[in-house]
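Here the structure is laid out as structure tokens; the discussion comes afterwards.
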Amino acid sequence: MPGMGTPELPVPDGLVLRPFRGVRFTVEDPAKVTSPPYDLISDADVERLLDSHPNNVVRLILPRSPRRNAPTSSSTAADAPPQDRYAEARDTLRTWLSSGVLAPDAEPALYVYEQKGPGVVQRGLIGDVGLADPTQAIVLPHEDVLPGPIADRLALMSTTQANLEPIFLLYDGGDGATTRLVDAVADERSPLVSARTEDGLTHRLWAITDPSEIAAINADLHHRQALIADGHHRYATYRVLQRQEHLSRRPNAEAQAEAAQTEAAHDEAALGAAGSGAGSAAGQRSSGDGGRSRPAFGPWDFGLALLVDSSAYPPDLKAIHRVIPSLPLEDAVAKAKGAWRVHDHPEIAEGVAALERTQGPAFLLAGEGGAHLLTDPDPMQLARAMPADHSDRWNSLNTSILTSFVLPIVWGLRDDEQTVRIVHHDIDAAVRLARQMGGTAVILKPLAVEDVLAVAAGGERVPRKSTSFGPKPRTGLVLRTFDID
């Protein structure tokens with residue numbers, strides 16, 4: 001956005017996790033008002049969550065229509081004008097705060113968060129992460145984003161003036177002071193919240209309010225680097241909202257803010273890790289600002305985040321599958337035979353087992369008519385299709401091969417939200433959807449964590465929806481509003 005007169009933005013000089021006054025539900029069973037992250041919730045899930053409790057947080061993160069108590073069908077609710085839905089979320093948030101359904105904590109805190117269940121233990125810290133441009137290499141994205149989800153989350157955040165669910169960040173803590181304190185708090189202190197959700201996980205929350213402990217945490221984190229594990233669109237939205245809020249406080253604020261919203265959302269969705277316009281210029285730690293002072297930090301210069309030490313609590317990385325409704329399985333297999341070796345499997349389970357055993361690029365196509373494993377792509381066709389301006393490691397990723405070779409070259413399709421449906425790590429759900437729509441499910445193996453880290457460290461981003469890190473933080477345990485922050 002050069003030439004727009006965009007102001008310099010406040011810039012953190014390292015990884016910062018600021019305490020905030022969390023806003024929490026006061027209900028008897030906090031599990032009933034929580035939900036999965038917004039992008040993992042189906043329409044049926046919304047109804048189920050609202051049946052569990054009328055004040056479930058899904059009313060805030062996925063508002064469906066104004067005045068839900070009025071008679072309306074689900075389709076009408078889902079099709080309500082976006083501005084009405086976001087205004088309804090804002091009004092609901094205000095009502096819950098004024099009525100005591102939600103209440104702010106008395107002191108700013110960093111929150112220790114534990115998720116525990118059969119075979120699962122993860123601990124981390126929830127706080128306000130300082131927003132940094134990717135060129136600073138403080139908070140690294142690893143995945144491409146699309147403008148549609150950014151615009152949706154931007155409208156929600158700007159209307160509610162709140163961060164309603166945390167993004168998920170990983171860092172290498174190296175047995176540092178932060179990790180030791182997190183474990184000590186979880187092992188020795190009484191939690192603020194304990195909630196057992198339907199997936200069998202118990203979620204517990206503790207507040208760290210001691211200034212000396214908070215200072216020790218930030219001293220330990222300052223030189224470290226975080227990777228966005230989940231929440232790329234929300235982090236991009238944080239940065240667009242940051243620019244929009246700063247612009248709105250300058251002359252000609254309305255026109256500049258509108259321009260910032262439009263152009264910044266487009267920039268954040270651009271491929272590559274360099275960031276955009278004034279955000280990049282402001283984000284670099286340099287002395288080339290001509291001595292101009294930067295504006296003071298405001299609540300929109302931070303975003304709600306869960307930070308987990310991946311060396312102490314290694315994440316679970318799962319695959320994200322695709323469903324292509326417009327491509328019948330028979331046609332997908334026929335076209336693939338010109339570039340791949342195709343192995344037919346009458347049973348889905350047999351094909352999945354074969355996929356897991358396969359070394360090198362491979363995809364399982366499934367739907368009506370069994371399963372078909374693609375292996376051993378034609379090396380000449382593959383080499384011509386993969387972009388020369390990407391690293392060999394990026395070009396070897398299965399999601400890169402899918403988006404650069406299989407979809408556009410083999411099948412003549414675009415990888416966009418209209419053409420390709422996304423199903424998070426549930427093979428049965430992907431195959432079921434493909435059969436219902438007469439299309440093709442593309443089953444993938446998960447990427448390797450080390451490949452994702454290496455790609456991000458090299459300044460590249462994997463294709464959209466390549467990774468599903470878990471366990472993901474539960475939404476609704478603690479919220480953040482800008483007024484109370």
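We name chains A, B, ... following the order of the structure tokens; residues begin at 1 in each chain, and ligands are numbered from 1 as shown.
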Q: Could you find all residues in segment 409-459 of chain A that DSSP calls helix (DSSP H, G or I) from the backbone, and write them as an MDAnalysis selection string?
A: chainID A and resid 409:410 427:437 449:457
Q) Can you list every residue in segment 176-424 of chain A that DSSP puts in strand (DSSP E or B), as an MDAnalysis selection string? A) chainID A and resid 193:196 202:208 226:230 302:309 316:318 320:324 341:345 362:367 370:375 421:424
Q. For Arg393 of chain A, which residue out of A:Ala457, A:Arg189, A:Pro314, A:Leu40 is the nearest one, using only C-alpha atoms?
A. A:Ala457
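Between Ile324 of chain A and the residues A:Pro82, A:Pro463, A:Gly439, A:Gly176, the shortest atom-to-atom distance, using only C-alpha atoms, involves A:Gly439.
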(Q) Just want the 12 Å neighbourhood of Pro325 of chain A, counted on only C-alpha atoms, with same-chain residues fewer than 2 positions away dropped. Output as a ChimeraX atom specification. (A) /A:322-323,327-329,331-332,366-367,413,417-422,430-442
Q: Using only C-alpha atoms, determine which residues lie at most 9 Å from segment 19-24 of chain A, disregarding the query and same-chain residues fewer than 5 positions distant; provide the list as a PyMOL selection string.
A: chain A and resi 97+101-111+126-128+208-209+214+476-481+484-485
Let me see the file: selected residues, N, CA, C and O atoms, as an mmCIF file, in the first residue's frame.
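Once everything was written out, this is part_25.cif:
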```
data_model
loop_
_atom_site.group_PDB
_atom_site.id
_atom_site.type_symbol
_atom_site.label_atom_id
_atom_site.label_comp_id
_atom_site.auth_asym_id
_atom_site.auth_seq_id
_atom_site.Cartn_x
_atom_site.Cartn_y
_atom_site.Cartn_z
ATOM 1 N N LEU A 97 -22.467 -9.593 28.442
ATOM 2 C CA LEU A 97 -21.613 -8.874 29.387
ATOM 3 C C LEU A 97 -22.453 -8.091 30.398
ATOM 4 O O LEU A 97 -22.165 -8.091 31.599
ATOM 5 N N VAL A 101 -23.756 -13.083 32.009
ATOM 6 C CA VAL A 101 -23.451 -14.380 31.395
ATOM 7 C C VAL A 101 -21.952 -14.486 31.132
ATOM 8 O O VAL A 101 -21.342 -15.550 31.304
ATOM 9 N N LEU A 102 -21.361 -13.386 30.704
ATOM 10 C CA LEU A 102 -19.915 -13.253 30.577
ATOM 11 C C LEU A 102 -19.434 -12.233 31.601
ATOM 12 O O LEU A 102 -20.113 -11.228 31.848
ATOM 13 N N ALA A 103 -18.257 -12.475 32.167
ATOM 14 C CA ALA A 103 -17.705 -11.538 33.144
ATOM 15 C C ALA A 103 -16.204 -11.431 32.953
ATOM 16 O O ALA A 103 -15.521 -12.439 32.714
ATOM 17 N N PRO A 104 -15.649 -10.212 33.036
ATOM 18 C CA PRO A 104 -14.205 -10.040 32.894
ATOM 19 C C PRO A 104 -13.478 -10.400 34.183
ATOM 20 O O PRO A 104 -13.993 -10.191 35.294
ATOM 21 N N ASP A 105 -12.291 -10.936 34.052
ATOM 22 C CA ASP A 105 -11.445 -11.166 35.221
ATOM 23 C C ASP A 105 -10.966 -9.830 35.772
ATOM 24 O O ASP A 105 -10.847 -8.840 35.043
ATOM 25 N N ALA A 106 -10.649 -9.826 37.052
ATOM 26 C CA ALA A 106 -10.315 -8.570 37.724
ATOM 27 C C ALA A 106 -8.963 -8.027 37.309
ATOM 28 O O ALA A 106 -8.759 -6.803 37.274
ATOM 29 N N GLU A 107 -8.009 -8.910 37.000
ATOM 30 C CA GLU A 107 -6.647 -8.484 36.705
ATOM 31 C C GLU A 107 -6.204 -9.022 35.345
ATOM 32 O O GLU A 107 -6.621 -10.114 34.938
ATOM 33 N N PRO A 108 -5.316 -8.290 34.672
ATOM 34 C CA PRO A 108 -4.712 -8.849 33.462
ATOM 35 C C PRO A 108 -3.908 -10.101 33.807
ATOM 36 O O PRO A 108 -3.252 -10.168 34.846
ATOM 37 N N ALA A 109 -3.961 -11.079 32.924
ATOM 38 C CA ALA A 109 -3.296 -12.351 33.193
ATOM 39 C C ALA A 109 -2.821 -12.986 31.899
ATOM 40 O O ALA A 109 -3.347 -12.702 30.817
ATOM 41 N N LEU A 110 -1.820 -13.839 32.033
ATOM 42 C CA LEU A 110 -1.537 -14.862 31.031
ATOM 43 C C LEU A 110 -2.152 -16.144 31.555
ATOM 44 O O LEU A 110 -2.054 -16.449 32.749
ATOM 45 N N TYR A 111 -2.787 -16.903 30.682
ATOM 46 C CA TYR A 111 -3.554 -18.062 31.118
ATOM 47 C C TYR A 111 -2.854 -19.354 30.700
ATOM 48 O O TYR A 111 -2.635 -19.592 29.507
ATOM 49 N N ILE A 126 -2.102 -18.778 26.972
ATOM 50 C CA ILE A 126 -2.979 -17.922 26.192
ATOM 51 C C ILE A 126 -2.732 -16.480 26.608
ATOM 52 O O ILE A 126 -2.746 -16.148 27.802
ATOM 53 N N GLY A 127 -2.476 -15.627 25.631
ATOM 54 C CA GLY A 127 -2.240 -14.213 25.891
ATOM 55 C C GLY A 127 -2.387 -13.406 24.622
ATOM 56 O O GLY A 127 -2.808 -13.922 23.573
ATOM 57 N N ASP A 128 -2.039 -12.130 24.707
ATOM 58 C CA ASP A 128 -2.061 -11.225 23.555
ATOM 59 C C ASP A 128 -0.701 -11.277 22.876
ATOM 60 O O ASP A 128 0.286 -10.764 23.422
ATOM 61 N N ILE A 208 -2.043 -16.498 35.448
ATOM 62 C CA ILE A 208 -0.790 -15.981 35.992
ATOM 63 C C ILE A 208 -0.904 -14.461 36.016
ATOM 64 O O ILE A 208 -0.991 -13.819 34.960
ATOM 65 N N THR A 209 -0.930 -13.886 37.210
ATOM 66 C CA THR A 209 -1.080 -12.426 37.356
ATOM 67 C C THR A 209 0.130 -11.767 37.998
ATOM 68 O O THR A 209 0.226 -10.544 37.999
ATOM 69 N N ILE A 214 5.182 -12.869 34.870
ATOM 70 C CA ILE A 214 4.896 -12.414 33.499
ATOM 71 C C ILE A 214 6.147 -11.845 32.851
ATOM 72 O O ILE A 214 6.432 -12.102 31.666
ATOM 73 N N GLY A 476 -14.155 -20.514 23.593
ATOM 74 C CA GLY A 476 -15.146 -20.182 24.601
ATOM 75 C C GLY A 476 -14.661 -20.261 26.031
ATOM 76 O O GLY A 476 -15.378 -19.861 26.954
ATOM 77 N N LEU A 477 -13.442 -20.769 26.246
ATOM 78 C CA LEU A 477 -12.918 -20.821 27.613
ATOM 79 C C LEU A 477 -12.519 -19.447 28.093
ATOM 80 O O LEU A 477 -12.714 -19.095 29.263
ATOM 81 N N VAL A 478 -11.930 -18.645 27.216
ATOM 82 C CA VAL A 478 -11.577 -17.261 27.569
ATOM 83 C C VAL A 478 -11.608 -16.425 26.285
ATOM 84 O O VAL A 478 -11.088 -16.831 25.251
ATOM 85 N N LEU A 479 -12.281 -15.277 26.354
ATOM 86 C CA LEU A 479 -12.415 -14.357 25.235
ATOM 87 C C LEU A 479 -11.658 -13.079 25.540
ATOM 88 O O LEU A 479 -11.266 -12.811 26.678
ATOM 89 N N ARG A 480 -11.494 -12.262 24.518
ATOM 90 C CA ARG A 480 -10.782 -10.984 24.682
ATOM 91 C C ARG A 480 -11.581 -9.901 23.972
ATOM 92 O O ARG A 480 -11.892 -10.027 22.776
ATOM 93 N N THR A 481 -11.938 -8.840 24.703
ATOM 94 C CA THR A 481 -12.577 -7.680 24.077
ATOM 95 C C THR A 481 -11.644 -6.485 24.171
ATOM 96 O O THR A 481 -10.897 -6.340 25.144
ATOM 97 N N ILE A 484 -12.236 -4.075 27.279
ATOM 98 C CA ILE A 484 -11.838 -4.597 28.593
ATOM 99 C C ILE A 484 -10.361 -4.934 28.631
ATOM 100 O O ILE A 484 -9.735 -4.903 29.683
ATOM 101 N N ASP A 485 -9.772 -5.196 27.503
ATOM 102 C CA ASP A 485 -8.375 -5.661 27.373
ATOM 103 C C ASP A 485 -7.414 -4.833 28.203
ATOM 104 O O ASP A 485 -6.573 -5.368 28.902
#
```
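Distances to Leu146 of chain A were evaluated for A:Val16, A:Ala319, A:Ala429, A:Asp416 using only C-alpha atoms, and the minimum falls at A:Asp416.
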Q | Contacts of segment 399-402 of chain A within 7 Å, only C-alpha atoms, excl. fewer than 5 positions in-chain, as a count of residues only | A | 5
Ala87 of chain A surroundings by only C-alpha atoms, 8 Å radius, close-in-sequence under 3 positions cut, as a PDB file with all heavy atoms, in the first residue's frame:
```pdb
ATOM      1  N   PRO A  66     -30.144 -12.366  12.695  1.00  0.00           N
ATOM      2  CA  PRO A  66     -30.601 -11.550  13.815  1.00  0.00           C
ATOM      3  C   PRO A  66     -31.823 -12.161  14.467  1.00  0.00           C
ATOM      4  O   PRO A  66     -32.656 -12.782  13.812  1.00  0.00           O
ATOM      5  CB  PRO A  66     -30.921 -10.198  13.165  1.00  0.00           C
ATOM      6  CG  PRO A  66     -31.170 -10.518  11.736  1.00  0.00           C
ATOM      7  CD  PRO A  66     -30.312 -11.706  11.403  1.00  0.00           C
ATOM      8  N   GLN A  83     -23.841  -8.245   7.311  1.00  0.00           N
ATOM      9  CA  GLN A  83     -23.793  -7.157   8.289  1.00  0.00           C
ATOM     10  C   GLN A  83     -24.793  -7.379   9.419  1.00  0.00           C
ATOM     11  O   GLN A  83     -24.541  -6.992  10.569  1.00  0.00           O
ATOM     12  CB  GLN A  83     -24.035  -5.800   7.608  1.00  0.00           C
ATOM     13  CG  GLN A  83     -25.404  -5.634   6.967  1.00  0.00           C
ATOM     14  CD  GLN A  83     -25.452  -6.109   5.529  1.00  0.00           C
ATOM     15  OE1 GLN A  83     -24.600  -6.890   5.101  1.00  0.00           O
ATOM     16  NE2 GLN A  83     -26.427  -5.616   4.765  1.00  0.00           N
ATOM     17  N   ASP A  84     -25.919  -8.033   9.116  1.00  0.00           N
ATOM     18  CA  ASP A  84     -26.889  -8.332  10.164  1.00  0.00           C
ATOM     19  C   ASP A  84     -26.354  -9.386  11.125  1.00  0.00           C
ATOM     20  O   ASP A  84     -26.560  -9.294  12.341  1.00  0.00           O
ATOM     21  CB  ASP A  84     -28.201  -8.819   9.551  1.00  0.00           C
ATOM     22  CG  ASP A  84     -28.945  -7.717   8.795  1.00  0.00           C
ATOM     23  OD1 ASP A  84     -28.551  -6.541   8.936  1.00  0.00           O
ATOM     24  OD2 ASP A  84     -29.914  -8.043   8.077  1.00  0.00           O
ATOM     25  N   ARG A  90     -22.315  -8.796  17.843  1.00  0.00           N
ATOM     26  CA  ARG A  90     -21.942  -7.663  18.707  1.00  0.00           C
ATOM     27  C   ARG A  90     -22.994  -7.444  19.786  1.00  0.00           C
ATOM     28  O   ARG A  90     -22.662  -7.291  20.973  1.00  0.00           O
ATOM     29  CB  ARG A  90     -21.811  -6.397  17.858  1.00  0.00           C
ATOM     30  CG  ARG A  90     -21.499  -5.137  18.657  1.00  0.00           C
ATOM     31  CD  ARG A  90     -21.835  -3.903  17.839  1.00  0.00           C
ATOM     32  NE  ARG A  90     -23.268  -3.873  17.508  1.00  0.00           N
ATOM     33  CZ  ARG A  90     -23.766  -3.316  16.402  1.00  0.00           C
ATOM     34  NH1 ARG A  90     -22.977  -2.739  15.516  1.00  0.00           N
ATOM     35  NH2 ARG A  90     -25.078  -3.340  16.188  1.00  0.00           N
ATOM     36  N   ASP A  91     -24.266  -7.440  19.407  1.00  0.00           N
ATOM     37  CA  ASP A  91     -25.340  -7.191  20.368  1.00  0.00           C
ATOM     38  C   ASP A  91     -25.433  -8.321  21.392  1.00  0.00           C
ATOM     39  O   ASP A  91     -25.687  -8.082  22.580  1.00  0.00           O
ATOM     40  CB  ASP A  91     -26.670  -7.026  19.643  1.00  0.00           C
ATOM     41  CG  ASP A  91     -26.703  -5.779  18.760  1.00  0.00           C
ATOM     42  OD1 ASP A  91     -25.824  -4.905  18.930  1.00  0.00           O
ATOM     43  OD2 ASP A  91     -27.599  -5.694  17.894  1.00  0.00           O
ATOM     44  N   THR A 159     -16.614  -5.488  13.992  1.00  0.00           N
ATOM     45  CA  THR A 159     -17.949  -5.173  14.495  1.00  0.00           C
ATOM     46  C   THR A 159     -18.063  -5.450  15.988  1.00  0.00           C
ATOM     47  O   THR A 159     -18.618  -4.648  16.747  1.00  0.00           O
ATOM     48  CB  THR A 159     -19.018  -5.974  13.737  1.00  0.00           C
ATOM     49  OG1 THR A 159     -18.922  -5.680  12.339  1.00  0.00           O
ATOM     50  CG2 THR A 159     -20.415  -5.622  14.224  1.00  0.00           C
ATOM     51  N   THR A 160     -17.534  -6.584  16.430  1.00  0.00           N
ATOM     52  CA  THR A 160     -17.620  -6.934  17.854  1.00  0.00           C
ATOM     53  C   THR A 160     -16.528  -6.264  18.674  1.00  0.00           C
ATOM     54  O   THR A 160     -16.630  -6.195  19.899  1.00  0.00           O
ATOM     55  CB  THR A 160     -17.495  -8.451  18.049  1.00  0.00           C
ATOM     56  OG1 THR A 160     -16.231  -8.903  17.536  1.00  0.00           O
ATOM     57  CG2 THR A 160     -18.631  -9.190  17.349  1.00  0.00           C
TER      58      THR A 160
END
```
Q. Got a sec: who's within 9 Å of Asp13 of chain A, counting only C-alpha atoms, leaving out chain neighbours fewer than 2 positions off, as a PyMOL selection string?
A. chain A and resi 11+15-16+132+136+138+222-223+285
What does the file look like for those residues with N, CA, C and O atoms, as a short mmCIF file (atom, residue, chain, number, x, y, z; two decimals), in the first residue's frame?
```cif
data_model
loop_
_atom_site.label_atom_id
_atom_site.label_comp_id
_atom_site.auth_asym_id
_atom_site.auth_seq_id
_atom_site.Cartn_x
_atom_site.Cartn_y
_atom_site.Cartn_z
N VAL A 11 5.71 -1.71 16.35
CA VAL A 11 6.42 -2.92 15.96
C VAL A 11 7.04 -3.58 17.19
O VAL A 11 7.86 -2.97 17.88
N LEU A 15 9.33 -11.68 20.23
CA LEU A 15 8.09 -12.38 20.52
C LEU A 15 7.54 -11.88 21.86
O LEU A 15 8.20 -11.99 22.90
N VAL A 16 6.34 -11.32 21.82
CA VAL A 16 5.72 -10.70 23.00
C VAL A 16 4.39 -11.39 23.26
O VAL A 16 3.58 -11.56 22.35
N ALA A 132 3.39 -9.00 14.31
CA ALA A 132 4.63 -8.73 13.58
C ALA A 132 4.46 -9.12 12.12
O ALA A 132 3.77 -10.08 11.79
N GLN A 136 9.77 -9.99 9.67
CA GLN A 136 10.53 -9.90 10.91
C GLN A 136 10.96 -11.27 11.42
O GLN A 136 11.80 -11.36 12.31
N ILE A 138 9.39 -13.24 13.37
CA ILE A 138 9.00 -13.42 14.77
C ILE A 138 7.82 -14.39 14.84
O ILE A 138 7.86 -15.38 15.57
N HIS A 222 11.34 -13.56 24.35
CA HIS A 222 11.70 -12.42 23.50
C HIS A 222 12.49 -12.81 22.26
O HIS A 222 12.24 -12.31 21.16
N HIS A 223 13.47 -13.70 22.41
CA HIS A 223 14.36 -14.03 21.28
C HIS A 223 13.86 -15.23 20.47
O HIS A 223 14.51 -15.63 19.51
N ARG A 285 12.70 -4.41 11.50
CA ARG A 285 13.41 -3.74 12.56
C ARG A 285 14.64 -3.04 11.97
O ARG A 285 15.69 -3.61 11.79
#
```
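Counting only C-alpha atoms, the residue from A:Val46, A:Met380, A:Ala195, A:Ala305 that sits nearest to Leu169 of chain A is A:Ala305.
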Q: Calculate how many Å separate atom CA of Ala219 of chain A from atom CA of Ala236 of chain A, rounding to one decimal.
A: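 Answer for the atom CA of Ala219 of chain A to atom CA of Ala236 of chain A separation: 25.8 Å.
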